[in-house]
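Engineer: A single structure is presented below for examination.
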Amino acid sequence: MIVPMARVRILGTRASLPNVIRALQDTGVVHLVPQPAIRELTAFRLPALESRRRRQLVRILEDSEAALAGLGDSNGRIPRSAAPDCVRWARLAGRARRQLARLDCRAQTLEEERALLARYHGVFEILERLLRAREATAAATAFHVVLRADQTDAVPRLRTALGELIGEAFETVTERLPGGETVMLLLVPAAAAERVERLLADTRVEEVSAPRGYGASPVEAGPRMRERERAIPGELEAIRRERAELGRRCRGELTRARAALRDQVAQLDTLSLAGVTPHAFVLEGWVPEAAEHRLVRAIEAAFGRDVVVETLAREDWRGEEAPVVLHNPRLFRPFELLTRMLPLPRYGTIDPTPYVGVFFPMFFGLILGDAGYGVLLALLALVLHRRSRPGTTLRAAAEIGGPCALFAIVFGVLFGEYFGDLGRAWLHLEPVWFDRGEAIVPFLGLTLALGTVHILLGLILGVVTSARRHPRHAAGRGLSAAMLILIVAAILAALDLVPRGLLTPAVILLFVAFPVLVILEGVVAPVELLTTIGHVLSYARIMALGTASVMLAVVANRMAGALGSAVIGVLFALLFHLVNFGLALFTPTIHALRLHYVEFFGTFYSPGGVRYQPLGHWTPPVAHPA
């Protein structure tokens, strides 16, 4: 349900405005809104000193949040600072942020160095081995070349060019790297080194050189690079320990600083919502009716008669302006997750959460419709429930999965499905109601009947929603619901499923109601009526998806005996059941949501509600693990 709200007006002396805002923040129930334009009131403007203070607080807050982003938030409740010390927090946050920046820079440099060494490691190891094997003398000059995978044809051309340049007085040794590159060691007389260097430049074959500081040749660079590779992990571990020690010293205080600074910035920002005169202020906002007395008592206890809380009459405000708070019984509360995926309903309309809580798991279970899969879903929901925290998305999803599993088990027993036809083949379990794999028409009739009930409920809710503000539209919705009932009655009578004598009265009433509907709703009424009928027919997807699910489960069972080996057959069957179960988690969810969001909500849902955001003390957002 949507919680009833009251609009309050708070009046007091101008000097008490900052203290009143702090008291409202302590209470945490008032959703403040800008003061309406009244000639006697002007918008409150922060003095220059307070504006400068706000900028300073924001800078300290940015440093604190940047530091906490690197250190990680502390767990548990945030203690509030009785006496905020912004000067100390500024020094602490700035120092922690700079230290983290230095640590990050050092760690990044080490990681880049490690990546560079890893890139050179294989090349220089090969070159070092080749050099040692050839025992190059001082009279020879060594060139170290790495050819890309697309340059392998350059080796014979280079040898030909070297032969033309210096004759046979050279030696080349090549070895391929795992990545397809070719390492080549070229030994030439020292006297010909300059000419060979020009040749390599002309053929665009580049020498590979050691990184700066590791020596000129692979013989020198190789050992130094390996020694450096062994030292880098220790340096990275020292940085990690330094970061952990910094977090141990600063995290708690920075967490308190962030909360207090956010509260102070919120107080300064809230001042702009007040309307003031030279001697008084006025604040307006929304509060849940159940919390109104708590607000009045808190203000009276803090300020006595110097500040007054006045409740505005219902005639003085419009429902569209009120923020929306959803509050449902514990059974339906997890389904608010599905409602909040759309914009909130406007204040004064209907919260669809209870209806989603009834029909969504029913549609899900009807599509899944297998007791074996239902038990697996129940176990999965139980595991997710134990691994999640209250208030998280994962906990809500687990609590939605429980009712869905229950409906899947119930319908699985009614349809006689236990991992497809496995229960019937092994345990001789028969359907209590009907076999939906064979009784396609009864299954289709069941889904269309549910669709009719669902759409009719939506039309009735649309009548309730529109009755006060749009009575003509409400009448049109009511007449559409009546015509839908008449159409269903006529079809059932034509099929002899109800007494055939109802056919003629139903058709006559339809002809009478049609022009009335056009008068009430306009020329688009026939199109909307056809759309409503199409929405009912859309519920046939439940039958199609449910039949496909049971057929996939039966195919999985058939695979166990269709393959030559019993072990391979069982493995394939289990894999197919696992795939089908994965599809059974997502497909019913998507299509059950579509039936609600498009077909059902389209008949009554009125989005556009304002989210209730009371002024209160800042708390970190609840983590929503996936």
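Chain labels A, B, ... are given in the sequence in which chains occur in the structure tokens; within each chain residues are numbered consecutively from 1, and ligands are likewise numbered from 1 in the order shown.
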Tell me, as a list in words, which residues lie within 9 Å of segment 548-550 of chain A, counting only C-alpha atoms; anything in the same chain fewer than 6 positions away does not count.
Structural biologist: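 In the requested form, the answer reads Ile367, Leu368, Gly369, Asp370, Glu417, Phe419, Gly420, Asp421, Arg436, Gly437, Asn580, Phe581, Leu583 and Ala584 of chain A.
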Engineer: Report the residues of segment 160-335 of chain A whose backbone DSSP state falls under strand (DSSP E), written as a ChimeraX atom specification.
Structural biologist: /A:171-176,182-189,275-276,280-288,307-311,323-324
Engineer: Just C-alpha atoms for this one: save the residues we selected as a JSON list (two decimals), in the first residue's frame.
Structural biologist:
```
[["chain", "number", "residue", "atom", "x", "y", "z"],
["A", 171, "GLU", "CA", 76.64, -16.51, -38.60],
["A", 172, "THR", "CA", 72.90, -16.50, -37.87],
["A", 173, "VAL", "CA", 71.04, -18.62, -35.35],
["A", 174, "THR", "CA", 67.24, -18.48, -35.09],
["A", 175, "GLU", "CA", 64.68, -19.90, -32.66],
["A", 176, "ARG", "CA", 60.91, -19.47, -32.63],
["A", 182, "THR", "CA", 61.42, -15.51, -34.33],
["A", 183, "VAL", "CA", 64.51, -14.63, -32.27],
["A", 184, "MET", "CA", 67.66, -14.28, -34.38],
["A", 185, "LEU", "CA", 71.24, -13.91, -33.20],
["A", 186, "LEU", "CA", 73.51, -12.42, -35.88],
["A", 187, "LEU", "CA", 77.33, -12.57, -35.42],
["A", 188, "VAL", "CA", 79.51, -10.50, -37.79],
["A", 189, "PRO", "CA", 83.14, -9.27, -37.74],
["A", 275, "GLY", "CA", 11.35, 31.02, 2.89],
["A", 276, "VAL", "CA", 12.31, 33.87, 5.20],
["A", 280, "ALA", "CA", 11.02, 34.51, 10.68],
["A", 281, "PHE", "CA", 11.34, 31.43, 8.49],
["A", 282, "VAL", "CA", 8.91, 28.98, 6.92],
["A", 283, "LEU", "CA", 9.67, 25.38, 5.88],
["A", 284, "GLU", "CA", 7.25, 23.00, 4.20],
["A", 285, "GLY", "CA", 7.48, 19.28, 3.66],
["A", 286, "TRP", "CA", 5.86, 15.89, 3.78],
["A", 287, "VAL", "CA", 5.76, 13.41, 6.61],
["A", 288, "PRO", "CA", 3.99, 10.04, 6.93],
["A", 307, "VAL", "CA", 8.82, 26.93, 16.59],
["A", 308, "VAL", "CA", 5.39, 25.77, 15.42],
["A", 309, "VAL", "CA", 4.48, 22.73, 13.31],
["A", 310, "GLU", "CA", 1.25, 23.21, 11.36],
["A", 311, "THR", "CA", -0.54, 20.49, 9.39],
["A", 323, "PRO", "CA", 6.14, 11.68, -2.15],
["A", 324, "VAL", "CA", 5.44, 7.97, -2.24]]
```
Engineer: Using only C-alpha atoms, determine which residues lie at most 9 Å from Leu246 of chain A, disregarding the query and same-chain residues fewer than 2 positions distant; provide the list as a PyMOL selection string.
Structural biologist: chain A and resi 71+96+99-100+241-244+248-251
Engineer: Please measure the separation of atom CA of Trp618 of chain A and atom CA of Ala43 of chain A, giving the value in Å to one decimal.
Structural biologist: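 Taking atom CA of Trp618 of chain A as the start and atom CA of Ala43 of chain A as the end point, the length is 25.2 Å.
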Engineer: Excluding Arg395 of chain A and residues on its chain fewer than 5 positions from it, collect all residues at most 8 Å away from it, counting only C-alpha atoms, and give them as a ChimeraX atom specification.
Structural biologist: /A:384-385,388-390
Engineer: Write the residues of the selection above to a file with N, CA and C atoms, as a short mmCIF file (atom, residue, chain, number, x, y, z; two decimals), in the first residue's frame.
Structural biologist:
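And here is the file that came out, part_21.cif:
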```cif
data_model
loop_
_atom_site.label_atom_id
_atom_site.label_comp_id
_atom_site.auth_asym_id
_atom_site.auth_seq_id
_atom_site.Cartn_x
_atom_site.Cartn_y
_atom_site.Cartn_z
N LEU A 384 20.55 -18.85 -1.29
CA LEU A 384 20.69 -17.40 -1.50
C LEU A 384 20.24 -16.62 -0.27
N HIS A 385 19.19 -17.10 0.39
CA HIS A 385 18.69 -16.42 1.59
C HIS A 385 19.75 -16.44 2.69
N SER A 388 22.82 -14.00 1.93
CA SER A 388 22.54 -12.58 1.69
C SER A 388 22.20 -11.89 3.00
N ARG A 389 22.23 -10.57 2.94
CA ARG A 389 21.92 -9.76 4.11
C ARG A 389 20.55 -9.11 3.96
N PRO A 390 19.87 -8.84 5.06
CA PRO A 390 18.56 -8.18 4.98
C PRO A 390 18.67 -6.83 4.27
#
```
Engineer: One decimal, Å: what's the distance from atom CA of Arg228 of chain A over to atom CA of Cys105 of chain A, could you say?
Structural biologist: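 The value is 18.4 Å.
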Engineer: Quick one: residues within 10 Å of segment 457-470 of chain A, only C-alpha atoms, excluding same-chain residues fewer than 5 positions away - as a PyMOL selection string?
Structural biologist: chain A and resi 348-350+352+355+451-452+475-482+484+532+596+599-606
Engineer: For the selection just defined, write its residues with N, CA and C atoms to a file, as a PDB file, in the first residue's frame.
Structural biologist:
```pdb
ATOM      1  N   GLY A 348      -1.889   8.607  -4.157  1.00  0.00           N
ATOM      2  CA  GLY A 348      -3.328   8.592  -4.331  1.00  0.00           C
ATOM      3  C   GLY A 348      -3.818   7.507  -5.272  1.00  0.00           C
ATOM      4  N   THR A 349      -2.870   6.801  -5.956  1.00  0.00           N
ATOM      5  CA  THR A 349      -3.265   5.687  -6.806  1.00  0.00           C
ATOM      6  C   THR A 349      -3.035   4.381  -6.041  1.00  0.00           C
ATOM      7  N   ILE A 350      -2.943   3.292  -6.762  1.00  0.00           N
ATOM      8  CA  ILE A 350      -2.882   1.968  -6.132  1.00  0.00           C
ATOM      9  C   ILE A 350      -1.478   1.402  -6.232  1.00  0.00           C
ATOM     10  N   PRO A 352       0.614  -1.697  -6.712  1.00  0.00           N
ATOM     11  CA  PRO A 352       0.301  -3.032  -7.261  1.00  0.00           C
ATOM     12  C   PRO A 352       1.058  -4.171  -6.586  1.00  0.00           C
ATOM     13  N   TYR A 355      -0.769  -7.442  -5.521  1.00  0.00           N
ATOM     14  CA  TYR A 355      -1.270  -8.223  -6.661  1.00  0.00           C
ATOM     15  C   TYR A 355      -0.118  -8.912  -7.379  1.00  0.00           C
ATOM     16  N   GLY A 451      -5.857 -15.174 -17.500  1.00  0.00           N
ATOM     17  CA  GLY A 451      -5.660 -13.877 -18.129  1.00  0.00           C
ATOM     18  C   GLY A 451      -6.893 -13.012 -18.035  1.00  0.00           C
ATOM     19  N   THR A 452      -8.058 -13.612 -18.221  1.00  0.00           N
ATOM     20  CA  THR A 452      -9.306 -12.844 -18.108  1.00  0.00           C
ATOM     21  C   THR A 452      -9.489 -12.298 -16.702  1.00  0.00           C
ATOM     22  N   ALA A 475     -15.974   5.330 -15.556  1.00  0.00           N
ATOM     23  CA  ALA A 475     -17.155   4.654 -16.104  1.00  0.00           C
ATOM     24  C   ALA A 475     -16.799   3.863 -17.359  1.00  0.00           C
ATOM     25  N   GLY A 476     -15.932   4.452 -18.188  1.00  0.00           N
ATOM     26  CA  GLY A 476     -15.504   3.730 -19.390  1.00  0.00           C
ATOM     27  C   GLY A 476     -14.747   2.459 -19.054  1.00  0.00           C
ATOM     28  N   ARG A 477     -13.884   2.534 -18.048  1.00  0.00           N
ATOM     29  CA  ARG A 477     -13.162   1.334 -17.642  1.00  0.00           C
ATOM     30  C   ARG A 477     -14.120   0.269 -17.104  1.00  0.00           C
ATOM     31  N   GLY A 478     -15.083   0.709 -16.314  1.00  0.00           N
ATOM     32  CA  GLY A 478     -16.057  -0.240 -15.782  1.00  0.00           C
ATOM     33  C   GLY A 478     -16.864  -0.897 -16.884  1.00  0.00           C
ATOM     34  N   LEU A 479     -17.262  -0.100 -17.895  1.00  0.00           N
ATOM     35  CA  LEU A 479     -18.028  -0.663 -19.010  1.00  0.00           C
ATOM     36  C   LEU A 479     -17.168  -1.624 -19.828  1.00  0.00           C
ATOM     37  N   SER A 480     -15.875  -1.306 -19.978  1.00  0.00           N
ATOM     38  CA  SER A 480     -14.967  -2.223 -20.684  1.00  0.00           C
ATOM     39  C   SER A 480     -14.880  -3.559 -19.958  1.00  0.00           C
ATOM     40  N   ALA A 481     -14.822  -3.519 -18.617  1.00  0.00           N
ATOM     41  CA  ALA A 481     -14.794  -4.754 -17.847  1.00  0.00           C
ATOM     42  C   ALA A 481     -16.076  -5.554 -18.059  1.00  0.00           C
ATOM     43  N   ALA A 482     -17.218  -4.862 -18.038  1.00  0.00           N
ATOM     44  CA  ALA A 482     -18.499  -5.550 -18.241  1.00  0.00           C
ATOM     45  C   ALA A 482     -18.562  -6.169 -19.641  1.00  0.00           C
ATOM     46  N   LEU A 484     -16.053  -7.146 -21.464  1.00  0.00           N
ATOM     47  CA  LEU A 484     -15.159  -8.297 -21.507  1.00  0.00           C
ATOM     48  C   LEU A 484     -15.848  -9.524 -20.911  1.00  0.00           C
ATOM     49  N   THR A 532      -7.557  -4.726 -25.264  1.00  0.00           N
ATOM     50  CA  THR A 532      -7.809  -5.473 -24.030  1.00  0.00           C
ATOM     51  C   THR A 532      -8.008  -6.956 -24.321  1.00  0.00           C
ATOM     52  N   HIS A 596       2.681  -8.669 -16.330  1.00  0.00           N
ATOM     53  CA  HIS A 596       2.315  -7.674 -15.324  1.00  0.00           C
ATOM     54  C   HIS A 596       2.551  -6.259 -15.835  1.00  0.00           C
ATOM     55  N   GLU A 599       0.430  -5.970 -19.807  1.00  0.00           N
ATOM     56  CA  GLU A 599      -1.003  -6.257 -19.848  1.00  0.00           C
ATOM     57  C   GLU A 599      -1.729  -5.773 -18.593  1.00  0.00           C
ATOM     58  N   PHE A 600      -1.227  -6.161 -17.417  1.00  0.00           N
ATOM     59  CA  PHE A 600      -1.950  -5.871 -16.172  1.00  0.00           C
ATOM     60  C   PHE A 600      -1.809  -4.405 -15.770  1.00  0.00           C
ATOM     61  N   PHE A 601      -0.585  -3.904 -15.680  1.00  0.00           N
ATOM     62  CA  PHE A 601      -0.379  -2.527 -15.244  1.00  0.00           C
ATOM     63  C   PHE A 601      -1.000  -1.525 -16.213  1.00  0.00           C
ATOM     64  N   GLY A 602      -1.070  -1.902 -17.488  1.00  0.00           N
ATOM     65  CA  GLY A 602      -1.623  -0.979 -18.474  1.00  0.00           C
ATOM     66  C   GLY A 602      -3.077  -0.632 -18.237  1.00  0.00           C
ATOM     67  N   THR A 603      -3.784  -1.397 -17.418  1.00  0.00           N
ATOM     68  CA  THR A 603      -5.206  -1.134 -17.176  1.00  0.00           C
ATOM     69  C   THR A 603      -5.454  -0.161 -16.026  1.00  0.00           C
ATOM     70  N   PHE A 604      -4.460   0.043 -15.150  1.00  0.00           N
ATOM     71  CA  PHE A 604      -4.727   0.903 -13.994  1.00  0.00           C
ATOM     72  C   PHE A 604      -3.515   1.658 -13.480  1.00  0.00           C
ATOM     73  N   TYR A 605      -2.305   1.205 -13.799  1.00  0.00           N
ATOM     74  CA  TYR A 605      -1.109   1.749 -13.150  1.00  0.00           C
ATOM     75  C   TYR A 605      -0.857   3.183 -13.608  1.00  0.00           C
ATOM     76  N   SER A 606      -0.558   4.035 -12.649  1.00  0.00           N
ATOM     77  CA  SER A 606      -0.320   5.453 -12.932  1.00  0.00           C
ATOM     78  C   SER A 606       1.065   5.819 -12.406  1.00  0.00           C
TER      79      SER A 606
END
```
Engineer: Please identify which residues in segment 494-617 of chain A DSSP calls alpha helix (DSSP H) from the backbone, and express them as a count of residues only.
Structural biologist: 86
Engineer: Could you give me, as a list in words, the residues within 8 Å of Leu273 of chain A, counting only C-alpha atoms and dropping anything in the same chain fewer than 5 positions from it?
Structural biologist: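 Once the nearby chain positions are removed, what remains is Leu32, Val33, Pro34, Gln35, Ala43, Phe44 and Leu283 of chain A.
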Engineer: For Ala118 of chain A, which residue out of A:Gly163, A:Arg226, A:Thr203, A:Val146 is the nearest one, using only C-alpha atoms?
Structural biologist: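 The closest residue to Ala118 of chain A is A:Arg226.
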Engineer: Quick one: distance from atom CA of Phe576 of chain A to atom CA of Pro442 of chain A in Å, one decimal?
Structural biologist: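 About the pair atom CA of Phe576 of chain A and atom CA of Pro442 of chain A: they are 27.7 Å apart.
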